[in-house]
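The structure file my_file-v4.cif is reproduced below (mmCIF, N, CA and C atoms and all ligand atoms).
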```cif
data_coords
#
loop_
_atom_site.label_atom_id
_atom_site.label_comp_id
_atom_site.auth_asym_id
_atom_site.auth_seq_id
_atom_site.Cartn_x
_atom_site.Cartn_y
_atom_site.Cartn_z
N MET A 811 -63.29 20.61 -81.84
CA MET A 811 -64.13 21.68 -82.37
C MET A 811 -64.73 22.46 -81.19
N SER A 812 -65.42 23.49 -81.50
CA SER A 812 -65.95 24.33 -80.44
C SER A 812 -67.41 24.03 -80.15
N ASP A 813 -67.84 24.44 -78.97
CA ASP A 813 -69.24 24.30 -78.59
C ASP A 813 -69.92 25.66 -78.63
N LYS A 814 -69.29 26.57 -79.32
CA LYS A 814 -69.84 27.91 -79.45
C LYS A 814 -71.28 27.82 -79.97
N PRO A 815 -72.19 28.54 -79.32
CA PRO A 815 -73.57 28.48 -79.81
C PRO A 815 -73.70 29.09 -81.20
N ILE A 816 -74.72 28.68 -81.87
CA ILE A 816 -75.00 29.21 -83.20
C ILE A 816 -75.20 30.71 -83.12
N SER A 817 -74.58 31.42 -84.03
CA SER A 817 -74.75 32.87 -84.06
C SER A 817 -74.88 33.35 -85.50
N LYS A 818 -75.21 34.61 -85.62
CA LYS A 818 -75.42 35.20 -86.94
C LYS A 818 -74.19 35.03 -87.81
N GLY A 819 -74.40 34.65 -89.05
CA GLY A 819 -73.31 34.49 -89.98
C GLY A 819 -72.78 33.06 -90.06
N ASP A 820 -73.22 32.22 -89.12
CA ASP A 820 -72.77 30.83 -89.15
C ASP A 820 -73.47 30.05 -90.27
N LEU A 821 -72.76 29.09 -90.79
CA LEU A 821 -73.35 28.16 -91.75
C LEU A 821 -73.89 26.98 -90.95
N VAL A 822 -75.17 26.72 -91.10
CA VAL A 822 -75.78 25.62 -90.34
C VAL A 822 -76.49 24.67 -91.30
N MET A 823 -76.71 23.45 -90.82
CA MET A 823 -77.41 22.46 -91.61
C MET A 823 -78.51 21.81 -90.77
N VAL A 824 -79.64 21.54 -91.39
CA VAL A 824 -80.72 20.85 -90.70
C VAL A 824 -80.37 19.37 -90.63
N VAL A 825 -80.23 18.87 -89.39
CA VAL A 825 -79.78 17.49 -89.23
C VAL A 825 -80.77 16.63 -88.43
N ARG A 826 -81.84 17.24 -87.92
CA ARG A 826 -82.81 16.45 -87.16
C ARG A 826 -84.22 16.75 -87.65
N VAL A 827 -85.07 15.74 -87.57
CA VAL A 827 -86.44 15.93 -88.02
C VAL A 827 -87.21 16.76 -87.00
N ALA A 828 -88.31 17.34 -87.45
CA ALA A 828 -89.16 18.12 -86.55
C ALA A 828 -89.75 17.19 -85.50
N LYS A 829 -89.74 17.64 -84.23
CA LYS A 829 -90.19 16.75 -83.17
C LYS A 829 -91.71 16.59 -83.13
N CYS A 830 -92.43 17.47 -83.78
CA CYS A 830 -93.89 17.39 -83.77
C CYS A 830 -94.40 16.34 -84.76
N CYS A 831 -93.91 16.38 -85.98
CA CYS A 831 -94.48 15.55 -87.03
C CYS A 831 -93.44 14.70 -87.76
N GLY A 832 -92.18 14.81 -87.34
CA GLY A 832 -91.15 14.00 -87.98
C GLY A 832 -90.78 14.50 -89.37
N LEU A 833 -91.16 15.74 -89.65
CA LEU A 833 -90.84 16.31 -90.96
C LEU A 833 -89.36 16.14 -91.27
N ALA A 834 -89.07 15.52 -92.39
CA ALA A 834 -87.67 15.24 -92.73
C ALA A 834 -87.27 15.84 -94.06
N LYS A 835 -88.19 16.51 -94.73
CA LYS A 835 -87.88 16.92 -96.10
C LYS A 835 -86.78 17.98 -96.18
N ARG A 836 -86.53 18.68 -95.06
CA ARG A 836 -85.48 19.71 -95.12
C ARG A 836 -84.15 19.21 -94.56
N LEU A 837 -84.06 17.94 -94.24
CA LEU A 837 -82.79 17.40 -93.77
C LEU A 837 -81.72 17.63 -94.83
N GLY A 838 -80.57 18.09 -94.38
CA GLY A 838 -79.48 18.34 -95.31
C GLY A 838 -79.50 19.74 -95.88
N TYR A 839 -80.56 20.46 -95.59
CA TYR A 839 -80.66 21.84 -96.07
C TYR A 839 -79.74 22.72 -95.24
N SER A 840 -78.89 23.45 -95.88
CA SER A 840 -77.98 24.32 -95.15
C SER A 840 -78.21 25.77 -95.53
N PHE A 841 -77.93 26.66 -94.58
CA PHE A 841 -78.10 28.08 -94.86
C PHE A 841 -77.25 28.90 -93.91
N ILE A 842 -77.04 30.13 -94.29
CA ILE A 842 -76.31 31.07 -93.45
C ILE A 842 -77.31 31.76 -92.52
N VAL A 843 -77.01 31.74 -91.23
CA VAL A 843 -77.91 32.36 -90.26
C VAL A 843 -77.91 33.87 -90.44
N ASN A 844 -79.09 34.40 -90.70
CA ASN A 844 -79.22 35.84 -90.90
C ASN A 844 -79.66 36.55 -89.63
N LYS A 845 -80.38 35.80 -88.78
CA LYS A 845 -80.94 36.40 -87.58
C LYS A 845 -81.28 35.30 -86.58
N ILE A 846 -81.15 35.62 -85.31
CA ILE A 846 -81.51 34.65 -84.27
C ILE A 846 -82.57 35.27 -83.38
N VAL A 847 -83.63 34.53 -83.15
CA VAL A 847 -84.72 35.04 -82.31
C VAL A 847 -85.12 33.98 -81.30
N PHE A 848 -85.70 34.45 -80.19
CA PHE A 848 -86.26 33.53 -79.20
C PHE A 848 -87.76 33.76 -79.24
N GLN A 849 -88.47 32.81 -79.81
CA GLN A 849 -89.89 33.05 -80.02
C GLN A 849 -90.65 31.74 -80.14
N SER A 850 -91.95 31.84 -79.96
CA SER A 850 -92.80 30.69 -80.24
C SER A 850 -93.05 30.68 -81.74
N TYR A 851 -93.39 29.52 -82.26
CA TYR A 851 -93.55 29.42 -83.71
C TYR A 851 -94.46 28.25 -84.05
N TYR A 852 -94.84 28.20 -85.29
CA TYR A 852 -95.67 27.11 -85.78
C TYR A 852 -94.88 26.29 -86.78
N CYS A 853 -95.07 24.97 -86.71
CA CYS A 853 -94.40 24.08 -87.65
C CYS A 853 -94.85 24.43 -89.07
N GLY A 854 -93.90 24.54 -89.98
CA GLY A 854 -94.23 24.88 -91.35
C GLY A 854 -94.89 23.74 -92.09
N SER A 855 -94.88 22.56 -91.50
CA SER A 855 -95.46 21.41 -92.17
C SER A 855 -96.83 21.03 -91.61
N CYS A 856 -96.89 20.78 -90.30
CA CYS A 856 -98.14 20.31 -89.71
C CYS A 856 -98.88 21.42 -88.97
N GLY A 857 -98.22 22.55 -88.78
CA GLY A 857 -98.89 23.68 -88.13
C GLY A 857 -98.94 23.58 -86.62
N ALA A 858 -98.28 22.61 -86.04
CA ALA A 858 -98.28 22.46 -84.59
C ALA A 858 -97.61 23.66 -83.93
N PRO A 859 -98.22 24.20 -82.87
CA PRO A 859 -97.60 25.31 -82.16
C PRO A 859 -96.45 24.82 -81.28
N HIS A 860 -95.39 25.58 -81.22
CA HIS A 860 -94.26 25.24 -80.36
C HIS A 860 -94.02 26.40 -79.40
N SER A 861 -93.69 26.07 -78.17
CA SER A 861 -93.40 27.11 -77.20
C SER A 861 -92.08 27.77 -77.56
N ALA A 862 -91.82 28.90 -76.93
CA ALA A 862 -90.66 29.70 -77.30
C ALA A 862 -89.37 28.90 -77.25
N ASP A 863 -88.58 29.08 -78.29
CA ASP A 863 -87.30 28.40 -78.40
C ASP A 863 -86.39 29.26 -79.27
N TRP A 864 -85.10 28.97 -79.23
CA TRP A 864 -84.16 29.70 -80.08
C TRP A 864 -84.33 29.21 -81.51
N VAL A 865 -84.49 30.17 -82.41
CA VAL A 865 -84.72 29.85 -83.81
C VAL A 865 -83.73 30.63 -84.67
N ALA A 866 -83.07 29.93 -85.56
CA ALA A 866 -82.16 30.59 -86.51
C ALA A 866 -82.93 30.86 -87.79
N LEU A 867 -82.88 32.10 -88.23
CA LEU A 867 -83.64 32.48 -89.41
C LEU A 867 -82.74 32.78 -90.60
N LEU A 868 -83.19 32.31 -91.76
CA LEU A 868 -82.55 32.67 -93.01
C LEU A 868 -83.21 33.94 -93.51
N SER A 869 -84.53 33.99 -93.37
CA SER A 869 -85.30 35.17 -93.72
C SER A 869 -86.47 35.25 -92.74
N GLU A 870 -87.34 36.20 -92.90
CA GLU A 870 -88.45 36.37 -91.98
C GLU A 870 -89.33 35.13 -91.90
N ASN A 871 -89.43 34.42 -93.01
CA ASN A 871 -90.35 33.29 -93.06
C ASN A 871 -89.67 31.94 -93.21
N SER A 872 -88.37 31.93 -93.08
CA SER A 872 -87.65 30.68 -93.29
C SER A 872 -86.56 30.53 -92.25
N GLY A 873 -86.52 29.34 -91.66
CA GLY A 873 -85.52 29.09 -90.64
C GLY A 873 -85.79 27.78 -89.95
N ALA A 874 -85.08 27.53 -88.85
CA ALA A 874 -85.27 26.29 -88.12
C ALA A 874 -84.83 26.48 -86.67
N PRO A 875 -85.53 25.79 -85.75
CA PRO A 875 -85.14 25.88 -84.35
C PRO A 875 -83.77 25.22 -84.14
N PHE A 876 -83.05 25.69 -83.13
CA PHE A 876 -81.68 25.22 -82.89
C PHE A 876 -81.60 23.70 -82.76
N TYR A 877 -82.61 23.08 -82.14
CA TYR A 877 -82.49 21.64 -81.90
C TYR A 877 -82.41 20.83 -83.19
N ARG A 878 -82.81 21.42 -84.29
CA ARG A 878 -82.76 20.71 -85.57
C ARG A 878 -81.46 20.98 -86.32
N LEU A 879 -80.65 21.88 -85.79
CA LEU A 879 -79.50 22.37 -86.56
C LEU A 879 -78.16 21.89 -86.03
N ARG A 880 -77.22 21.86 -86.92
CA ARG A 880 -75.83 21.62 -86.55
C ARG A 880 -75.01 22.68 -87.25
N ARG A 881 -74.13 23.30 -86.49
CA ARG A 881 -73.29 24.33 -87.08
C ARG A 881 -72.15 23.69 -87.86
N ILE A 882 -71.87 24.22 -89.02
CA ILE A 882 -70.78 23.72 -89.85
C ILE A 882 -69.63 24.70 -89.77
N ASP A 883 -68.53 24.26 -89.19
CA ASP A 883 -67.38 25.15 -89.06
C ASP A 883 -66.61 25.21 -90.36
N PRO A 884 -66.39 26.39 -90.84
CA PRO A 884 -65.56 26.52 -92.05
C PRO A 884 -64.14 26.06 -91.71
N PRO A 885 -63.61 25.05 -92.37
CA PRO A 885 -62.28 24.51 -92.06
C PRO A 885 -61.20 25.58 -92.13
N ALA A 886 -61.31 26.53 -93.02
CA ALA A 886 -60.29 27.54 -93.20
C ALA A 886 -60.20 28.48 -92.00
N LEU A 887 -61.23 28.51 -91.17
CA LEU A 887 -61.23 29.42 -90.05
C LEU A 887 -60.99 28.70 -88.73
N ASN A 888 -60.50 27.49 -88.81
CA ASN A 888 -60.20 26.72 -87.61
C ASN A 888 -59.20 27.47 -86.73
N ASP A 889 -59.49 27.54 -85.44
CA ASP A 889 -58.65 28.29 -84.50
C ASP A 889 -57.23 27.72 -84.41
N ASP A 890 -57.06 26.47 -84.77
CA ASP A 890 -55.77 25.82 -84.62
C ASP A 890 -54.78 26.20 -85.73
N ILE A 891 -55.28 26.79 -86.76
CA ILE A 891 -54.42 27.12 -87.89
C ILE A 891 -53.96 28.57 -87.79
N PRO A 892 -52.66 28.80 -87.63
CA PRO A 892 -52.17 30.18 -87.56
C PRO A 892 -52.34 30.86 -88.89
N ILE A 893 -52.78 32.08 -88.86
CA ILE A 893 -52.99 32.81 -90.11
C ILE A 893 -52.30 34.17 -90.04
N GLY A 894 -51.94 34.68 -91.21
CA GLY A 894 -51.42 36.02 -91.34
C GLY A 894 -50.32 36.36 -90.37
N GLU A 895 -50.51 37.47 -89.64
CA GLU A 895 -49.43 38.00 -88.82
C GLU A 895 -49.09 37.14 -87.59
N GLU A 896 -49.85 36.09 -87.37
CA GLU A 896 -49.52 35.23 -86.25
C GLU A 896 -48.30 34.36 -86.56
N LEU A 897 -47.91 34.35 -87.83
CA LEU A 897 -46.75 33.55 -88.21
C LEU A 897 -45.46 34.33 -88.00
N HIS A 898 -44.55 33.74 -87.23
CA HIS A 898 -43.25 34.39 -87.02
C HIS A 898 -42.16 33.36 -87.31
N VAL A 899 -41.24 33.73 -88.17
CA VAL A 899 -40.20 32.78 -88.55
C VAL A 899 -38.90 33.14 -87.83
ZN ZN A 901 -94.76 19.55 -87.59
#
```
Taking this structure as input, can you express it in the form of structure tokens?
Amino acid sequence: MSDKPISKGDLVMVVRVAKCCGLAKRLGYSFIVNKIVFQSYYCGSCGAPHSADWVALLSENSGAPFYRLRRIDPPALNDDIPIGEELHV
């Protein structure tokens, strides 16, 4: 698989608890990245301030920092599978 960084349009899943308070209630939550920002933020659960980090946003008020996320590669778009005009018989 690739180590491509998370980017807009990727499907990601929350796979790690928050490092401040161990918040785990959003584990398994997946969403399509709508926007990526580098900013400081506050934990949505305990309110702890976090220094600037890369954050993937679903909307203005919803998202998760990269360290909590894992990108889910759509199997159909795997680079190893030839598609369309790349096929020559
Ligand atoms: Zn917290």
>> Show me which residues are within 8 Å of ligand ZN 901 (chain A) counting only C-alpha atoms and all ligand atoms, and format the list as a list in words.
In response: Ala828, Lys829, Cys830, Cys831, Gly832, Leu833, Tyr852, Cys853, Gly854, Ser855, Cys856, Gly857 and Ala858 of chain A
> Between A:Gly838, A:Val822, A:Lys814, A:Arg880, which is the closest to A:Leu867 once you count only C-alpha atoms?
Replying inline: A:Val822
> Which distance in Å separates atom CA of A:Leu821 and atom CA of A:Lys835, to one decimal?
Replying inline: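 Calculated distance between atom CA of A:Leu821 and atom CA of A:Lys835 is 18.9 Å.
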> If you count only C-alpha atoms, which residues fall within 8 Å of A:Ser869, apart from same-chain ones fewer than 4 positions away, as a list in words?
Replying inline: Asn844, Lys845 and Gly873 of chain A
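Going from atom CA of A:Phe848 over to atom CA of A:Pro875, you cover 9.3 Å.
Straight-line separation from atom CA of A:His860 to atom CA of A:Leu837: 19.3 Å.
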